[in-house]
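Asks: Structure file query_12.txt (compact mmCIF, C-alpha atoms) right here:
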# COMPACT_ATOMS: atom_id res chain seq x y z
CA MET F 1 3.62 -88.97 83.83
CA GLU F 2 1.65 -89.44 80.63
CA LEU F 3 3.84 -88.24 77.79
CA HIS F 4 1.65 -88.73 74.75
CA ASP F 5 0.45 -85.46 73.34
CA ASN F 6 1.12 -83.45 76.52
CA ALA F 7 3.04 -80.67 74.71
CA LYS F 8 0.97 -80.51 71.54
CA GLY F 9 -1.00 -77.29 71.29
CA THR F 10 0.69 -75.78 74.34
CA ALA F 11 3.01 -72.83 74.87
CA ILE F 12 5.99 -75.23 74.87
CA GLU F 13 5.16 -77.12 71.67
CA GLU F 14 7.74 -75.28 69.52
CA LEU F 15 10.42 -75.76 72.16
CA ILE F 16 9.69 -79.50 72.33
CA LYS F 17 9.73 -79.68 68.50
CA THR F 18 13.17 -78.07 68.54
CA LEU F 19 14.39 -80.55 71.14
CA HIS F 20 12.90 -83.48 69.20
CA THR F 21 14.58 -82.40 65.96
CA ALA F 22 17.92 -81.80 67.69
CA GLU F 23 17.93 -85.19 69.42
CA VAL F 24 16.83 -87.17 66.35
CA HIS F 25 19.37 -85.40 64.14
CA GLY F 26 22.03 -85.71 66.84
CA SER F 27 21.41 -89.44 67.14
CA ASP F 28 21.74 -89.94 63.41
CA SER F 29 24.91 -87.85 63.30
CA TYR F 30 26.43 -89.78 66.21
CA TYR F 31 25.70 -93.10 64.49
CA VAL F 32 27.25 -91.89 61.24
CA LEU F 33 30.39 -90.84 63.10
CA ALA F 34 30.40 -94.11 65.06
CA ALA F 35 30.39 -96.08 61.79
CA GLN F 36 33.24 -93.96 60.47
CA ALA F 37 35.21 -94.32 63.71
CA LYS F 38 34.71 -98.10 63.65
CA ALA F 39 35.88 -98.29 60.04
CA ALA F 40 38.99 -96.31 61.05
CA GLY F 41 39.73 -98.76 63.87
CA LEU F 42 38.83 -96.23 66.57
CA ASP F 43 36.71 -98.66 68.55
CA ASP F 44 36.70 -96.60 71.75
CA LEU F 45 35.41 -93.53 69.91
CA ALA F 46 32.89 -95.67 68.01
CA GLU F 47 31.57 -97.10 71.28
CA ALA F 48 31.24 -93.67 72.89
CA MET F 49 29.48 -92.30 69.82
CA SER F 50 27.11 -95.29 69.68
CA LEU F 51 26.15 -94.93 73.34
CA ASN F 52 25.52 -91.21 72.87
CA ALA F 53 23.46 -91.95 69.76
CA HIS F 54 21.34 -94.47 71.63
CA GLU F 55 20.64 -92.03 74.43
CA ASP F 56 19.89 -89.15 72.05
CA SER F 57 17.53 -91.43 70.15
CA ALA F 58 15.69 -92.21 73.38
CA HIS F 59 15.48 -88.50 74.16
CA GLY F 60 14.06 -87.86 70.69
CA GLY F 61 11.46 -90.57 71.27
CA THR F 62 10.38 -88.97 74.53
CA TYR F 63 9.99 -85.57 72.90
CA GLY F 64 8.19 -87.15 69.94
CA ALA F 65 5.69 -88.76 72.30
CA MET F 66 5.10 -85.36 73.90
CA LEU F 67 4.24 -84.06 70.43
CA GLY F 68 1.68 -86.79 69.83
CA LEU F 69 3.82 -89.09 67.70
CA GLY F 70 3.56 -92.83 68.22
CA ALA F 71 0.49 -94.41 69.77
CA ASN F 72 -2.14 -92.76 71.90
CA ASP F 73 -3.48 -95.95 73.51
CA GLU F 74 -2.31 -99.45 74.35
CA ALA F 75 -4.19 -101.15 71.51
CA THR F 76 -2.55 -98.85 68.98
CA LEU F 77 0.83 -99.39 70.62
CA TRP F 78 0.51 -103.19 70.19
CA LYS F 79 -0.71 -102.75 66.61
CA ARG F 80 2.31 -100.59 65.78
CA ALA F 81 4.64 -103.05 67.53
CA VAL F 82 3.23 -105.90 65.42
CA ALA F 83 3.78 -103.84 62.27
CA PHE F 84 7.40 -103.35 63.32
CA TYR F 85 7.71 -107.09 63.90
CA GLN F 86 6.38 -107.81 60.41
CA ALA F 87 8.90 -105.42 58.86
CA GLU F 88 11.76 -106.92 60.87
CA ALA F 89 10.66 -110.48 60.11
CA SER F 90 10.70 -109.76 56.38
CA ALA F 91 13.96 -107.81 56.46
CA LYS F 92 16.13 -110.74 55.33
CA GLU F 93 14.24 -111.12 52.07
CA THR F 94 14.01 -107.37 51.50
CA LEU F 95 17.65 -106.66 52.32
CA THR F 96 18.92 -109.61 50.31
CA ALA F 97 17.10 -108.29 47.24
CA LEU F 98 18.37 -104.75 47.84
CA ALA F 99 21.91 -106.00 48.34
CA GLN F 100 21.72 -107.85 45.03
CA LYS F 101 20.67 -104.63 43.27
CA VAL F 102 23.59 -102.84 44.90
CA ARG F 103 25.95 -105.67 43.91
CA ASP F 104 24.60 -105.60 40.33
CA ALA F 105 25.26 -101.85 40.25
CA GLY F 106 28.93 -102.58 40.93
CA PHE F 107 29.15 -102.01 44.67
CA PRO F 108 29.89 -105.42 46.19
CA ASP F 109 31.40 -103.99 49.40
CA VAL F 110 28.25 -101.96 50.06
CA ALA F 111 26.13 -105.04 49.35
CA ASP F 112 28.14 -106.95 51.94
CA VAL F 113 27.53 -104.22 54.52
CA ILE F 114 23.78 -104.42 53.85
CA LEU F 115 23.83 -108.21 54.19
CA ALA F 116 25.78 -107.95 57.44
CA THR F 117 22.81 -106.19 59.07
CA ILE F 118 20.48 -109.15 58.53
CA PRO F 119 21.36 -111.05 61.74
CA GLN F 120 20.51 -107.98 63.81
CA GLU F 121 17.27 -107.45 61.92
CA ASP F 122 16.38 -111.09 62.58
CA GLU F 123 17.13 -110.57 66.27
CA HIS F 124 14.85 -107.53 66.30
CA ALA F 125 12.01 -109.76 65.11
CA ARG F 126 12.84 -112.50 67.64
CA ARG F 127 13.03 -109.97 70.47
CA LEU F 128 9.58 -108.62 69.64
CA ALA F 129 8.19 -112.14 69.16
CA ARG F 130 9.33 -113.11 72.66
CA VAL F 131 7.41 -110.18 74.13
CA PHE F 132 4.29 -110.96 72.10
CA GLU F 133 4.40 -114.62 73.06
CA ALA F 134 4.89 -113.82 76.75
CA ARG F 135 1.84 -111.56 76.65
CA GLY F 136 -0.35 -113.68 74.38
CA ILE F 137 -0.35 -111.10 71.58
CA SER F 138 -1.10 -112.39 68.07
CA TYR F 139 1.57 -111.16 65.70
CA LYS F 140 1.81 -113.38 62.62
Represent the structure from my file as structure tokens, please.

Replies:
Amino acid sequence: MELHDNAKGTAIEELIKTLHTAEVHGSDSYYVLAAQAKAAGLDDLAEAMSLNAHEDSAHGGTYGAMLGLGANDEATLWKRAVAFYQAEASAKETLTALAQKVRDAGFPDVADVILATIPQEDEHARRLARVFEARGISYK
């Protein structure tokens, strides 16, 4: 089933917008609670919240596609994916600079949290690069 834009301009558009908003907000809320649960040592609750957040995020993406968000053709999809790669590949430099500003503002613990995300951001770039390379897509 083609999802892109299939609800836009239809009798169900407002319903799909409501679902999209609920799932995106729900995902964010779940991730916030997961971080808080993890910090409190409630690893089982954090894991459950993270899994729910991931699934709600995927639901939100599906509803967003139905509303015409994202890419409407394969060429645009690859172009957007490359843009994501470029952002992920530059995240270390960007986040290091932001963390320093946070540290300079007197929040060293927050700066450390920001810096701790860098390995995952690097992996995001590597993950995308592997796909591009396997498909012969130019991305640098």

Asks: Considering only C-alpha atoms, return as a list of chain:residue names whatever protein or nucleic-acid residues lie within 10 Å of Asp122 (chain F), sequence-local ones (same chain, fewer than 6 positions apart) excluded.

Replies: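 My reading of the contact set: F:Tyr85, F:Glu88, F:Ala89, F:Ser90, F:Ala91, F:Lys92.
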
Asks: Name the residues in contact with Gly70 (chain F) at a cut-off of 9 Å, using all atoms listed in the file, excluding same-chain residues fewer than 3 positions from it; report them as a ChimeraX atom specification.

Replies: /F:4,61,64-65,76-77,80

Asks: Report, in Å to a single decimal, how far apart CA of Met66 (chain F) and CA of Asn6 (chain F) are.

Replies: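 Interatomic distance, CA of Asn6 (chain F) to CA of Met66 (chain F): 5.1 Å.
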
Asks: What is the distance between CA of Asp5 (chain F) and CA of Ala134 (chain F), in Å to one decimal?

Replies: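 Pair CA of Asp5 (chain F) / CA of Ala134 (chain F) returns 28.9 Å.
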
Asks: Find the distance between CA of Ala53 (chain F) and CA of Leu3 (chain F) and write it in Å to one decimal.

Replies: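 Here the two named atoms are 21.5 Å from each other.
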
Asks: Would you mind telling me which residue in F:Ser27, F:Gln86, F:Thr10, F:Thr21 lies nearest to His124 (chain F) when using all atoms listed in the file?

Replies: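 Ranked by minimum distance to His124 (chain F), first place goes to F:Gln86.
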
Asks: Do a neighbour search on Lys17 (chain F) at 8 Å with all atoms listed in the file, toss out local chain neighbours closer than 2 positions, and write the hits as number ranges by chain.

Replies: F: 13-15, 19-21, 63-64, 67

Asks: Which one is closest to Gln120 (chain F): F:Ser29, F:Leu95, F:Gly136, F:Ala39? Count all atoms listed in the file.

Replies: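 Closest to Gln120 (chain F), using all atoms listed in the file: F:Leu95.
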
Asks: For each of F:Pro119, F:Glu55, F:Lys140, F:Glu23, take the minimum atom-to-atom distance to Lys79 (chain F), counting all atoms listed in the file, then give the residue where this is smallest.

Replies: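 Result for the nearest residue to Lys79 (chain F): F:Lys140.
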
Asks: Could you tell me which of F:Trp78, F:Phe107, F:Glu123, F:Glu93 comes closest to Arg135 (chain F) if we count only C-alpha atoms?

Replies: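 Closest residue, counting only C-alpha atoms: F:Trp78.
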
Asks: I need the residue nearest Met1 (chain F) from this list: F:Thr62, F:Arg130, F:Glu47, F:Thr117. Use all atoms listed in the file for the distance.

Replies: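 Once distances to Met1 (chain F) are computed over all atoms listed in the file, the minimum belongs to F:Thr62.
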
Asks: So which one's closest to Leu128 (chain F), F:Met49, F:Ala40, F:Ala83, F:Gly68? Using only C-alpha atoms, please.

Replies: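 Under the stated criterion, the closest residue is F:Ala83.
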